[in-house]
>>> print(open('my_file-v3.cif').read())   # mmCIF, C-alpha atoms
data_run
#
loop_
_atom_site.label_atom_id
_atom_site.label_comp_id
_atom_site.auth_asym_id
_atom_site.auth_seq_id
_atom_site.Cartn_x
_atom_site.Cartn_y
_atom_site.Cartn_z
CA MET E 1 36.42 -48.73 27.39
CA THR E 2 35.29 -45.11 27.23
CA THR E 3 33.36 -43.39 24.46
CA LEU E 4 34.34 -39.74 24.06
CA VAL E 5 31.54 -37.31 23.17
CA ILE E 6 33.34 -34.34 21.65
CA CYS E 7 31.79 -30.94 21.00
CA ILE E 8 33.93 -29.20 18.36
CA ASP E 9 34.17 -25.42 18.07
CA ARG E 10 36.49 -24.57 15.17
CA SER E 11 35.61 -20.87 15.29
CA GLY E 12 36.85 -20.57 18.89
CA ALA E 13 33.66 -18.78 20.02
CA ILE E 14 33.30 -20.85 23.21
CA GLY E 15 36.87 -20.23 24.34
CA ARG E 16 36.66 -16.48 23.69
CA ALA E 17 33.26 -16.14 25.40
CA THR E 18 34.19 -18.04 28.59
CA ASN E 19 37.98 -17.55 28.86
CA VAL E 20 38.23 -21.17 30.03
CA PRO E 21 41.37 -23.16 29.09
CA MET E 22 40.65 -25.89 26.56
CA PRO E 23 39.93 -28.77 26.39
CA VAL E 24 37.13 -29.04 28.93
CA ALA E 25 36.07 -32.57 29.93
CA GLY E 26 33.60 -34.05 32.40
CA TRP E 27 29.87 -33.69 32.95
CA GLU E 28 29.99 -30.95 35.57
CA ALA E 29 32.69 -28.97 33.82
CA VAL E 30 30.81 -28.95 30.50
CA ARG E 31 27.50 -28.11 32.17
CA SER E 32 29.13 -25.15 33.88
CA LEU E 33 30.64 -24.15 30.52
CA VAL E 34 27.14 -24.14 28.99
CA THR E 35 25.99 -21.64 31.60
CA ASP E 36 28.99 -19.36 31.05
CA ALA E 37 28.68 -19.50 27.23
CA GLY E 38 24.90 -18.95 27.32
CA LEU E 39 25.20 -15.93 29.62
CA SER E 40 27.93 -14.47 27.43
CA ASP E 41 26.05 -14.85 24.12
CA PRO E 42 22.59 -16.49 24.29
CA GLU E 43 22.20 -16.32 20.50
CA ASP E 44 25.35 -18.32 19.75
CA ALA E 45 24.64 -21.71 18.16
CA SER E 46 27.58 -23.17 20.11
CA VAL E 47 25.35 -23.26 23.20
CA ASN E 48 23.07 -25.72 21.41
CA CYS E 49 26.10 -27.78 20.44
CA LEU E 50 27.19 -27.99 24.11
CA LEU E 51 23.70 -29.00 25.20
CA GLU E 52 23.52 -31.66 22.46
CA SER E 53 26.83 -33.15 23.60
CA LEU E 54 25.47 -33.37 27.15
CA ARG E 55 22.32 -35.06 25.90
CA VAL E 56 24.29 -37.63 23.91
CA ALA E 57 26.48 -38.41 26.93
CA ARG E 58 23.37 -38.79 29.11
CA ASP E 59 21.79 -41.21 26.63
CA LEU E 60 24.94 -43.31 26.58
CA ARG E 61 25.00 -43.35 30.35
CA ASP E 62 21.37 -44.49 30.45
CA GLU E 63 22.36 -47.37 28.15
CA ARG E 64 25.02 -48.42 30.67
CA GLU E 65 27.84 -47.29 28.43
CA GLU E 66 30.80 -45.46 29.89
CA SER E 67 31.24 -42.06 28.29
CA VAL E 68 33.02 -38.76 28.81
CA VAL E 69 31.77 -35.47 27.39
CA ALA E 70 34.43 -33.01 26.25
CA VAL E 71 34.75 -29.69 24.44
CA VAL E 72 37.55 -28.60 22.12
CA SER E 73 37.72 -25.01 20.92
CA ALA E 74 40.20 -23.37 18.57
CA GLU E 75 42.71 -20.99 20.11
CA SER E 76 43.89 -19.21 16.97
CA ASP E 77 42.35 -16.89 14.40
CA SER E 78 44.07 -18.52 11.40
CA ALA E 79 42.68 -21.72 9.89
CA VAL E 80 45.95 -23.64 10.23
CA GLY E 81 46.51 -22.45 13.80
CA ALA E 82 42.93 -23.32 14.77
CA ASP E 83 43.24 -26.87 13.41
CA ARG E 84 46.60 -27.40 15.12
CA SER E 85 45.25 -26.23 18.48
CA ILE E 86 42.28 -28.60 18.15
CA ALA E 87 44.66 -31.43 17.25
CA ALA E 88 46.71 -30.72 20.37
CA GLN E 89 43.56 -30.73 22.53
CA LEU E 90 42.47 -34.04 21.03
CA ASP E 91 45.88 -35.54 21.81
CA ASP E 92 45.43 -34.37 25.42
CA LEU E 93 42.02 -36.06 25.65
CA VAL E 94 43.37 -39.29 24.17
CA ASP E 95 46.21 -39.37 26.69
CA ARG E 96 43.85 -38.73 29.60
CA TYR E 97 40.96 -41.09 28.77
CA ASP E 98 42.31 -43.57 26.13
CA PRO E 99 38.85 -43.74 24.43
CA ARG E 100 37.85 -46.64 22.22
CA ALA E 101 35.70 -44.43 19.97
CA ALA E 102 34.29 -40.93 19.64
CA ILE E 103 30.97 -39.31 18.86
CA VAL E 104 31.48 -35.90 17.28
CA VAL E 105 28.93 -33.12 17.82
CA VAL E 106 29.10 -30.09 15.49
CA ASP E 107 26.83 -27.15 14.70
CA SER E 108 28.08 -26.03 11.27
CA ALA E 109 29.76 -27.21 8.10
CA GLU E 110 32.92 -25.42 9.19
CA ASP E 111 33.18 -27.59 12.29
CA GLU E 112 32.81 -30.73 10.15
CA ARG E 113 36.10 -29.90 8.43
CA VAL E 114 37.86 -30.94 11.63
CA LEU E 115 36.46 -34.46 11.32
CA PRO E 116 39.55 -35.89 9.53
CA ILE E 117 41.72 -34.63 12.41
CA VAL E 118 39.54 -36.48 14.90
CA GLU E 119 39.47 -39.65 12.78
CA SER E 120 43.26 -39.67 12.60
CA ARG E 121 43.40 -40.07 16.40
CA ILE E 122 40.16 -41.79 17.46
CA PRO E 123 37.71 -44.03 15.57
CA VAL E 124 34.52 -42.00 15.01
CA ASP E 125 31.28 -43.91 15.50
CA SER E 126 28.88 -41.08 14.73
CA VAL E 127 28.64 -37.41 13.74
CA ASP E 128 25.80 -35.47 15.32
CA ARG E 129 25.08 -32.18 13.61
CA VAL E 130 22.99 -29.62 15.50
CA VAL E 131 20.86 -27.18 13.49
CA VAL E 132 18.74 -24.65 15.35
CA ARG E 133 15.12 -25.22 14.33
CA GLN E 134 14.45 -21.57 13.48
CA ALA E 135 17.53 -21.42 11.24
CA ARG E 136 17.00 -24.74 9.41
CA ASP E 137 15.22 -23.21 6.41
CA ILE E 138 17.76 -20.40 6.17
CA GLU E 139 20.67 -22.82 6.22
CA SER E 140 19.00 -25.05 3.63
CA THR E 141 18.56 -22.01 1.40
CA TYR E 142 22.22 -21.15 1.89
CA TYR E 143 23.38 -24.58 0.76
CA LEU E 144 21.02 -24.48 -2.25
CA LEU E 145 22.45 -21.11 -3.27
CA LYS E 146 25.96 -22.45 -2.78
CA GLN E 147 25.19 -25.42 -5.01
CA PHE E 148 23.59 -23.12 -7.58
CA LEU E 149 26.62 -20.85 -7.71
CA ALA E 150 28.87 -23.87 -8.17
CA ASP E 151 27.02 -24.88 -11.37
CA GLU E 152 28.71 -23.09 -14.27
CA GLN E 153 25.83 -23.64 -16.70
CA LEU E 154 23.25 -22.21 -14.32
CA ARG E 155 25.49 -19.24 -13.57
CA SER E 156 25.82 -18.39 -17.24
CA THR E 157 22.10 -18.84 -17.82
CA ILE E 158 20.77 -16.81 -14.90
CA LEU E 159 23.44 -14.58 -13.42
CA VAL E 160 24.95 -13.23 -16.65
CA PRO E 161 21.65 -11.87 -18.09
CA PHE E 162 20.68 -10.38 -14.73
CA GLY E 163 24.12 -8.82 -14.36
CA ILE E 164 23.94 -7.24 -17.82
CA ALA E 165 20.44 -5.97 -17.11
CA LEU E 166 21.54 -4.38 -13.83
CA LEU E 167 24.46 -2.71 -15.60
CA LEU E 168 22.12 -1.31 -18.25
CA VAL E 169 19.58 0.05 -15.76
CA PRO E 170 21.48 3.30 -14.92
CA ALA E 171 22.11 4.08 -18.58
CA LEU E 172 18.51 3.37 -19.56
CA PHE E 173 17.17 5.53 -16.74
CA TYR E 174 19.51 8.33 -17.83
CA TRP E 175 18.56 8.30 -21.51
CA PHE E 176 14.92 7.13 -21.35
CA SER E 177 11.91 7.38 -19.09
CA ALA E 178 11.38 4.95 -16.21
CA GLY E 179 8.72 2.99 -18.10
CA GLU E 180 10.89 2.59 -21.20
CA ALA E 181 13.89 1.57 -19.10
CA ILE E 182 11.93 -1.09 -17.21
CA ALA E 183 10.40 -2.37 -20.45
CA GLY E 184 13.85 -2.61 -22.04
CA VAL E 185 15.33 -4.51 -19.10
CA ALA E 186 12.31 -6.85 -18.95
CA GLY E 187 12.63 -7.50 -22.69
CA LEU E 188 16.33 -8.26 -22.32
CA LEU E 189 15.77 -10.73 -19.48
CA GLY E 190 12.83 -12.36 -21.27
CA GLY E 191 14.84 -12.77 -24.46
CA ALA E 192 17.80 -14.24 -22.58
CA LEU E 193 15.63 -16.76 -20.74
CA LEU E 194 13.82 -17.78 -23.94
CA TYR E 195 17.18 -18.04 -25.71
CA LYS E 196 18.27 -20.69 -23.20
CA GLY E 197 14.86 -22.19 -22.46
CA LEU E 198 14.06 -22.92 -26.13
CA ALA E 199 17.58 -24.28 -26.72
CA ILE E 200 18.25 -21.61 -29.35
CA ASP E 201 21.83 -21.44 -28.10
CA ARG E 202 22.38 -25.07 -29.12
CA ALA E 203 20.99 -24.42 -32.59
CA VAL E 204 23.18 -21.35 -33.00
CA ALA E 205 26.25 -23.20 -31.73
CA GLY E 206 25.72 -26.04 -34.21
CA MET E 207 24.85 -23.80 -37.16
CA PRO E 208 28.45 -23.18 -38.37
CA GLU E 209 29.14 -26.89 -38.48
CA ARG E 210 25.92 -27.59 -40.40
CA ILE E 211 26.67 -24.78 -42.87
CA ARG E 212 30.20 -26.08 -43.40
CA GLU E 213 28.94 -29.62 -44.05
CA ALA E 214 26.31 -28.28 -46.45
CA LEU E 215 28.89 -26.24 -48.38
CA TYR E 216 31.27 -29.19 -48.69
CA ALA E 217 28.43 -31.48 -49.74
CA GLY E 218 27.35 -29.06 -52.49
CA GLN E 219 23.74 -28.78 -51.37
CA VAL E 220 21.45 -26.65 -53.53
CA SER E 221 19.45 -25.68 -50.47
CA ILE E 222 22.25 -23.36 -49.30
CA VAL E 223 21.65 -21.12 -52.32
CA THR E 224 17.88 -21.33 -52.08
CA TYR E 225 18.01 -20.48 -48.36
CA VAL E 226 19.99 -17.34 -49.17
CA VAL E 227 17.52 -16.43 -51.91
CA ALA E 228 14.64 -17.09 -49.53
CA GLY E 229 16.21 -14.83 -46.91
CA GLY E 230 16.56 -12.05 -49.49
CA LEU E 231 12.94 -12.43 -50.61
CA ALA E 232 11.78 -12.31 -47.00
CA LEU E 233 13.71 -9.08 -46.46
CA VAL E 234 12.15 -7.60 -49.60
CA GLY E 235 8.70 -8.60 -48.38
CA GLY E 236 9.31 -7.06 -44.99
CA PHE E 237 10.60 -3.86 -46.62
CA PHE E 238 7.58 -3.47 -48.92
CA GLY E 239 5.24 -4.36 -46.09
CA PHE E 240 6.77 -1.69 -43.89
CA LEU E 241 6.47 0.91 -46.66
CA ALA E 242 2.84 0.02 -47.25
CA ALA E 243 2.01 0.18 -43.53
CA SER E 244 3.86 3.47 -43.02
CA GLY E 245 1.99 5.02 -45.98
CA LEU E 246 -1.30 4.82 -44.08
CA THR E 247 -2.30 7.92 -42.15
CA ASP E 248 -4.79 8.34 -39.32
CA THR E 249 -5.32 4.60 -38.99
CA PRO E 250 -5.05 2.34 -35.92
CA ALA E 251 -1.93 0.27 -35.39
CA LEU E 252 -3.93 -2.92 -35.98
CA VAL E 253 -4.89 -1.77 -39.48
CA GLU E 254 -1.25 -0.96 -40.23
CA ALA E 255 -0.27 -4.46 -39.09
CA VAL E 256 -2.89 -6.00 -41.39
CA GLU E 257 -1.61 -3.88 -44.31
CA PHE E 258 1.92 -5.11 -43.57
CA VAL E 259 0.72 -8.72 -43.64
CA TYR E 260 -1.28 -8.21 -46.84
CA THR E 261 1.70 -6.74 -48.69
CA ALA E 262 4.45 -8.96 -47.28
CA VAL E 263 2.72 -12.38 -47.32
CA PRO E 264 3.21 -13.03 -51.07
CA TRP E 265 6.95 -12.38 -50.73
CA PHE E 266 7.16 -14.53 -47.61
CA ALA E 267 5.30 -17.32 -49.42
CA VAL E 268 7.67 -17.19 -52.39
CA ALA E 269 10.62 -17.26 -49.96
CA GLY E 270 9.22 -20.31 -48.18
CA VAL E 271 8.49 -22.14 -51.43
CA THR E 272 12.00 -21.33 -52.70
CA ALA E 273 13.59 -22.79 -49.56
CA ALA E 274 11.36 -25.88 -49.73
CA VAL E 275 12.16 -26.45 -53.41
CA GLY E 276 15.88 -26.26 -52.64
CA ARG E 277 15.49 -28.95 -49.99
CA LEU E 278 13.48 -31.02 -52.46
CA LEU E 279 16.23 -30.69 -55.08
CA ASP E 280 18.78 -31.97 -52.55
CA GLU E 281 16.64 -35.07 -52.09
CA LEU E 282 16.52 -35.62 -55.86
CA ILE E 283 20.28 -35.11 -56.29
CA ARG E 284 21.08 -37.67 -53.60
CA ASP E 285 18.75 -40.07 -55.43
CA GLU E 286 17.37 -41.36 -52.15
CA GLY E 287 13.76 -40.90 -53.14
CA ILE E 288 11.49 -37.99 -52.35
CA ARG E 289 10.21 -37.87 -48.80
CA THR E 290 6.53 -37.01 -48.53
CA PRO E 291 6.93 -34.06 -46.11
CA TYR E 292 9.44 -32.30 -48.41
CA LEU E 293 7.17 -32.74 -51.41
CA ASN E 294 4.09 -31.50 -49.61
CA LEU E 295 5.71 -28.52 -47.90
CA PRO E 296 5.66 -26.04 -50.85
CA PHE E 297 1.93 -26.61 -51.36
CA VAL E 298 1.25 -26.13 -47.65
CA ILE E 299 3.15 -22.83 -47.66
CA ALA E 300 1.27 -21.60 -50.73
CA ALA E 301 -2.09 -22.65 -49.28
CA VAL E 302 -1.46 -20.90 -45.96
CA ALA E 303 -0.30 -17.76 -47.78
CA LEU E 304 -3.49 -17.67 -49.86
CA VAL E 305 -5.70 -17.98 -46.80
CA VAL E 306 -3.78 -15.36 -44.81
CA ARG E 307 -3.78 -12.90 -47.70
CA GLY E 308 -7.48 -13.47 -48.22
CA PHE E 309 -8.33 -12.62 -44.60
CA ALA E 310 -6.00 -9.61 -44.61
CA GLY E 311 -7.60 -8.31 -47.83
CA TYR E 312 -11.07 -8.81 -46.38
CA PHE E 313 -10.26 -6.70 -43.30
CA LEU E 314 -8.67 -3.97 -45.42
CA ALA E 315 -11.68 -3.90 -47.72
CA GLN E 316 -13.97 -3.48 -44.72
CA GLU E 317 -11.92 -0.43 -43.72
CA SER E 318 -12.18 0.92 -47.30
CA ILE E 319 -8.40 0.85 -47.61
CA LEU E 320 -8.38 -1.82 -50.32
CA PRO E 321 -10.51 -1.00 -53.40
CA ALA E 322 -13.11 -3.47 -54.60
CA PHE E 323 -11.89 -6.00 -57.15
CA GLU E 324 -13.53 -5.66 -60.57
CA MET E 325 -13.63 -8.13 -63.46
CA GLY E 326 -14.92 -6.18 -66.41
CA SER E 327 -18.35 -4.97 -65.43
CA LEU E 328 -18.53 -7.44 -62.53
CA THR E 329 -17.58 -6.23 -59.04
CA VAL E 330 -16.42 -8.86 -56.54
CA SER E 331 -17.44 -8.20 -52.93
CA PRO E 332 -15.00 -8.64 -50.03
CA VAL E 333 -16.84 -11.77 -48.89
CA GLN E 334 -16.60 -13.29 -52.32
CA GLN E 335 -12.89 -12.51 -52.46
CA LEU E 336 -12.33 -14.12 -49.08
CA THR E 337 -14.27 -17.19 -50.16
CA ALA E 338 -12.20 -17.47 -53.34
CA PHE E 339 -8.93 -17.26 -51.41
CA ILE E 340 -10.06 -19.89 -48.88
CA VAL E 341 -11.22 -22.26 -51.62
CA GLY E 342 -7.97 -21.67 -53.50
CA GLY E 343 -5.94 -22.50 -50.39
CA ILE E 344 -7.88 -25.72 -49.83
CA VAL E 345 -7.46 -26.74 -53.49
CA VAL E 346 -3.72 -26.09 -53.43
CA SER E 347 -3.40 -28.10 -50.23
CA LEU E 348 -5.35 -31.03 -51.69
CA VAL E 349 -3.21 -30.94 -54.83
CA GLY E 350 -0.10 -31.13 -52.66
CA VAL E 351 -1.44 -34.08 -50.68
CA LYS E 352 -2.41 -35.93 -53.86
CA LEU E 353 0.94 -35.29 -55.52
CA ALA E 354 2.84 -36.31 -52.39
CA SER E 355 0.90 -39.56 -52.12
CA ASP E 356 1.51 -40.41 -55.79
CA VAL E 357 5.15 -39.40 -56.12
CA GLY E 358 6.49 -39.63 -52.55
CA THR E 359 8.40 -42.68 -51.42
CA GLU E 360 6.96 -42.67 -47.90
CA THR E 361 3.56 -43.61 -46.62
CA LEU E 362 1.75 -41.80 -43.82
CA GLU E 363 2.66 -44.61 -41.44
CA ASP E 364 6.37 -44.21 -42.29
CA VAL E 365 6.23 -40.49 -41.53
CA ILE E 366 4.47 -41.11 -38.20
CA ASP E 367 6.98 -43.81 -37.22
CA THR E 368 9.90 -41.52 -38.10
CA ASP E 369 8.45 -38.72 -35.98
CA ARG E 370 7.96 -41.09 -33.06
CA GLU E 371 11.56 -42.29 -33.28
CA THR E 372 12.79 -38.69 -33.39
CA ASP E 373 10.70 -37.74 -30.34
CA GLY E 374 11.99 -40.81 -28.50
CA LYS E 375 15.56 -39.71 -29.02
#
>>> encode(input="my_file-v3.cif", output="structure tokens")
Amino acid sequence: MTTLVICIDRSGAIGRATNVPMPVAGWEAVRSLVTDAGLSDPEDASVNCLLESLRVARDLRDEREESVVAVVSAESDSAVGADRSIAAQLDDLVDRYDPRAAIVVVDSAEDERVLPIVESRIPVDSVDRVVVRQARDIESTYYLLKQFLADEQLRSTILVPFGIALLLVPALFYWFSAGEAIAGVAGLLGGALLYKGLAIDRAVAGMPERIREALYAGQVSIVTYVVAGGLALVGGFFGFLAASGLTDTPALVEAVEFVYTAVPWFAVAGVTAAVGRLLDELIRDEGIRTPYLNLPFVIAAVALVVRGFAGYFLAQESILPAFEMGSLTVSPVQQLTAFIVGGIVVSLVGVKLASDVGTETLEDVIDTDRETDGK
């Protein structure tokens, strides 16, 4: 029985280049076709497909297996017409040689689409795909890009921010300088990538559901969170006013003044939010977890230390007046030391209170964190 080695050309490039009626079968006929196709277009990948089909037929012949090499090429520009012409050529080959099986040689993914047509007429033992060595990396890149574009999540993460940035570029260049426009586009892309990379989108998507559950459950923390947000806005407002009131000072000094003025408000906001969460624990009567009990003291301790360092730097710049207690003047170093010691004391008080009142031990907290990380 004969094995048919079929070179498939769905694009019809071989037929158009050589003007030879299809199908072409036989060693000499195909070898002559290779010469005609190569002289017509040496850069066409179909030439490599013809040569590969000859090589496969030669290897089968060396293994004492009867084989016939053949070429089928589409004779229509439409997809349906091309497939029907190839089907007719395959029927002609089957009538002439009555093959027991076929080995299909293709040079592109488009040619592989004809494989079901071949399988409906002849059992296919193997599919040999020819990729030109110089084009292998390019074709691999093409398929990777095709797979990337087929992923909806990746498209929305990468292509949408880049598309918006490209649309904004002309407007930014029209209204602003080149440096400002590039900085704005870079900031937009960086924010979009961080928004997805840090999973902020998931937190934002789940926030309405969490707020709804909290409202229905009557949690006190909802109110305290709103109050904390308002206090934080007040702190930022006063900090901005204090920083903008400085004249002829570096930007770093203005930032330190903002921190010095706003930190107390931020600390009160954080403690308010933490107390609200602590009240929710008490209302549910499930015991007080150690982290919730310790959190207000940690916030207050950090605020004391940060304000102490900010006040020290401002005092060194003679922006903050020296603190006086009666006839006693406290130096900036002494003030910084007092704030640091105060922060440490507040932190120790929080740890002591949490260990005495809290319902969890340190080992319980560590085990809970490990379980959460494992999930």
>>> residues_near_point(input="my_file-v3.cif", point="(45.4, -28.4, 17.6)", cutoff="12 Å", atoms="all atoms listed in the file", output="NGL selection string")
:E and (8-10 or 12 or 22-23 or 72-76 or 78-93 or 114 or 117-118 or 121)
>>> write_last_selection(input="my_file-v3.cif", atoms="C-alpha atoms", output="short mmCIF file (atom, residue, chain, number, x, y, z; two decimals), in the frame of the given file")
data_model
loop_
_atom_site.label_atom_id
_atom_site.label_comp_id
_atom_site.auth_asym_id
_atom_site.auth_seq_id
_atom_site.Cartn_x
_atom_site.Cartn_y
_atom_site.Cartn_z
CA ILE E 8 33.93 -29.20 18.36
CA ASP E 9 34.17 -25.42 18.07
CA ARG E 10 36.49 -24.57 15.17
CA GLY E 12 36.85 -20.57 18.89
CA MET E 22 40.65 -25.89 26.56
CA PRO E 23 39.93 -28.77 26.39
CA VAL E 72 37.55 -28.60 22.12
CA SER E 73 37.72 -25.01 20.92
CA ALA E 74 40.20 -23.37 18.57
CA GLU E 75 42.71 -20.99 20.11
CA SER E 76 43.89 -19.21 16.97
CA SER E 78 44.07 -18.52 11.40
CA ALA E 79 42.68 -21.72 9.89
CA VAL E 80 45.95 -23.64 10.23
CA GLY E 81 46.51 -22.45 13.80
CA ALA E 82 42.93 -23.32 14.77
CA ASP E 83 43.24 -26.87 13.41
CA ARG E 84 46.60 -27.40 15.12
CA SER E 85 45.25 -26.23 18.48
CA ILE E 86 42.28 -28.60 18.15
CA ALA E 87 44.66 -31.43 17.25
CA ALA E 88 46.71 -30.72 20.37
CA GLN E 89 43.56 -30.73 22.53
CA LEU E 90 42.47 -34.04 21.03
CA ASP E 91 45.88 -35.54 21.81
CA ASP E 92 45.43 -34.37 25.42
CA LEU E 93 42.02 -36.06 25.65
CA VAL E 114 37.86 -30.94 11.63
CA ILE E 117 41.72 -34.63 12.41
CA VAL E 118 39.54 -36.48 14.90
CA ARG E 121 43.40 -40.07 16.40
#
>>> residues_around(input="my_file-v3.cif", residues="Val341 in chain E", least_positions_apart="3", cutoff="12 Å", atoms="all atoms listed in the file", output="PyMOL selection string")
chain E and resi 301-302+304-305+308+334-338+344-348
>>> resolve_selection(input="my_file-v3.cif", expression="the PyMOL selection byres ((chain E and resi 54-71) around 10)", output="VMD selection string")
chain E and resid 1 to 9 14 to 15 22 to 31 33 to 34 48 to 53 72 to 73 86 89 to 90 93 97 99 101 to 105 128
>>> closest_residue(input="my_file-v3.cif", among="E:Ala300, E:Ala17, E:Val124, E:Val223", to="Ile340 in chain E", atoms="all atoms listed in the file")
E:Ala300
>>> closest_residue(input="my_file-v3.cif", among="E:Gly235, E:Pro123, E:Asp41, E:Thr247", to="Trp265 in chain E", atoms="only C-alpha atoms")
E:Gly235
>>> closest_residue(input="my_file-v3.cif", among="E:Gly187, E:Pro264, E:Gly342, E:Gly270", to="Tyr225 in chain E", atoms="only C-alpha atoms")
E:Gly270
>>> residues_around(input="my_file-v3.cif", residues="Gly229 in chain E", least_positions_apart="5", cutoff="12 Å", atoms="only C-alpha atoms", output="PyMOL selection string")
chain E and resi 221-224+234-236+265-273
>>> residues_around(input="my_file-v3.cif", residues="range 248-258 of chain E", least_positions_apart="2", cutoff="12 Å", atoms="all atoms listed in the file", output="JSON, numbers by chain")
{"E": [235, 236, 237, 238, 239, 240, 241, 242, 243, 244, 245, 246, 260, 261, 262, 263, 264, 265, 266, 306, 307, 308, 309, 310, 311, 312, 313, 314, 315, 316, 317, 318, 319, 320]}
>>> atom_distance(input="my_file-v3.cif", atom1="CA of Val130 in chain E", atom2="CA of Glu43 in chain E")
14.2 Å
>>> closest_residue(input="my_file-v3.cif", among="E:Ala171, E:Ala228, E:Phe297, E:Ala303", to="Lys352 in chain E", atoms="only C-alpha atoms")
E:Phe297
>>> atom_distance(input="my_file-v3.cif", atom1="CA of Gly184 in chain E", atom2="CA of Ala205 in chain E")
25.9 Å
>>> atom_distance(input="my_file-v3.cif", atom1="CA of Val47 in chain E", atom2="CA of Arg16 in chain E")
13.2 Å
>>> build_atoms(input="my_file-v3.cif", residues="range 264-269 of chain E", atoms="all heavy atoms", output="PDB file, keeping the file's coordinate frame")
ATOM      1  N   PRO E 264       2.790 -12.386 -49.814  1.00  0.00           N
ATOM      2  CA  PRO E 264       3.210 -13.030 -51.070  1.00  0.00           C
ATOM      3  C   PRO E 264       4.730 -13.230 -51.151  1.00  0.00           C
ATOM      4  O   PRO E 264       5.201 -14.276 -51.611  1.00  0.00           O
ATOM      5  CB  PRO E 264       2.723 -12.052 -52.147  1.00  0.00           C
ATOM      6  CG  PRO E 264       1.578 -11.335 -51.506  1.00  0.00           C
ATOM      7  CD  PRO E 264       1.962 -11.201 -50.072  1.00  0.00           C
ATOM      8  N   TRP E 265       5.498 -12.237 -50.720  1.00  0.00           N
ATOM      9  CA  TRP E 265       6.950 -12.380 -50.730  1.00  0.00           C
ATOM     10  C   TRP E 265       7.404 -13.467 -49.766  1.00  0.00           C
ATOM     11  O   TRP E 265       8.304 -14.261 -50.081  1.00  0.00           O
ATOM     12  CB  TRP E 265       7.607 -11.050 -50.360  1.00  0.00           C
ATOM     13  CG  TRP E 265       7.406  -9.986 -51.388  1.00  0.00           C
ATOM     14  CD1 TRP E 265       6.412  -9.050 -51.429  1.00  0.00           C
ATOM     15  CD2 TRP E 265       8.220  -9.752 -52.550  1.00  0.00           C
ATOM     16  NE1 TRP E 265       6.549  -8.244 -52.532  1.00  0.00           N
ATOM     17  CE2 TRP E 265       7.667  -8.648 -53.241  1.00  0.00           C
ATOM     18  CE3 TRP E 265       9.370 -10.349 -53.057  1.00  0.00           C
ATOM     19  CZ2 TRP E 265       8.204  -8.143 -54.411  1.00  0.00           C
ATOM     20  CZ3 TRP E 265       9.925  -9.849 -54.232  1.00  0.00           C
ATOM     21  CH2 TRP E 265       9.349  -8.765 -54.901  1.00  0.00           C
ATOM     22  N   PHE E 266       6.804 -13.488 -48.575  1.00  0.00           N
ATOM     23  CA  PHE E 266       7.160 -14.530 -47.610  1.00  0.00           C
ATOM     24  C   PHE E 266       6.818 -15.912 -48.162  1.00  0.00           C
ATOM     25  O   PHE E 266       7.571 -16.874 -47.952  1.00  0.00           O
ATOM     26  CB  PHE E 266       6.398 -14.308 -46.298  1.00  0.00           C
ATOM     27  CG  PHE E 266       6.859 -13.094 -45.532  1.00  0.00           C
ATOM     28  CD1 PHE E 266       6.063 -12.529 -44.548  1.00  0.00           C
ATOM     29  CD2 PHE E 266       8.091 -12.520 -45.793  1.00  0.00           C
ATOM     30  CE1 PHE E 266       6.491 -11.417 -43.843  1.00  0.00           C
ATOM     31  CE2 PHE E 266       8.538 -11.410 -45.091  1.00  0.00           C
ATOM     32  CZ  PHE E 266       7.722 -10.852 -44.120  1.00  0.00           C
ATOM     33  N   ALA E 267       5.684 -16.029 -48.863  1.00  0.00           N
ATOM     34  CA  ALA E 267       5.300 -17.320 -49.420  1.00  0.00           C
ATOM     35  C   ALA E 267       6.282 -17.767 -50.494  1.00  0.00           C
ATOM     36  O   ALA E 267       6.693 -18.939 -50.523  1.00  0.00           O
ATOM     37  CB  ALA E 267       3.887 -17.220 -50.010  1.00  0.00           C
ATOM     38  N   VAL E 268       6.690 -16.834 -51.365  1.00  0.00           N
ATOM     39  CA  VAL E 268       7.670 -17.190 -52.390  1.00  0.00           C
ATOM     40  C   VAL E 268       8.999 -17.588 -51.755  1.00  0.00           C
ATOM     41  O   VAL E 268       9.671 -18.529 -52.202  1.00  0.00           O
ATOM     42  CB  VAL E 268       7.867 -15.999 -53.363  1.00  0.00           C
ATOM     43  CG1 VAL E 268       8.975 -16.304 -54.363  1.00  0.00           C
ATOM     44  CG2 VAL E 268       6.567 -15.710 -54.105  1.00  0.00           C
ATOM     45  N   ALA E 269       9.386 -16.899 -50.669  1.00  0.00           N
ATOM     46  CA  ALA E 269      10.620 -17.260 -49.960  1.00  0.00           C
ATOM     47  C   ALA E 269      10.514 -18.666 -49.387  1.00  0.00           C
ATOM     48  O   ALA E 269      11.447 -19.470 -49.505  1.00  0.00           O
ATOM     49  CB  ALA E 269      10.900 -16.240 -48.860  1.00  0.00           C
TER      50      ALA E 269
END
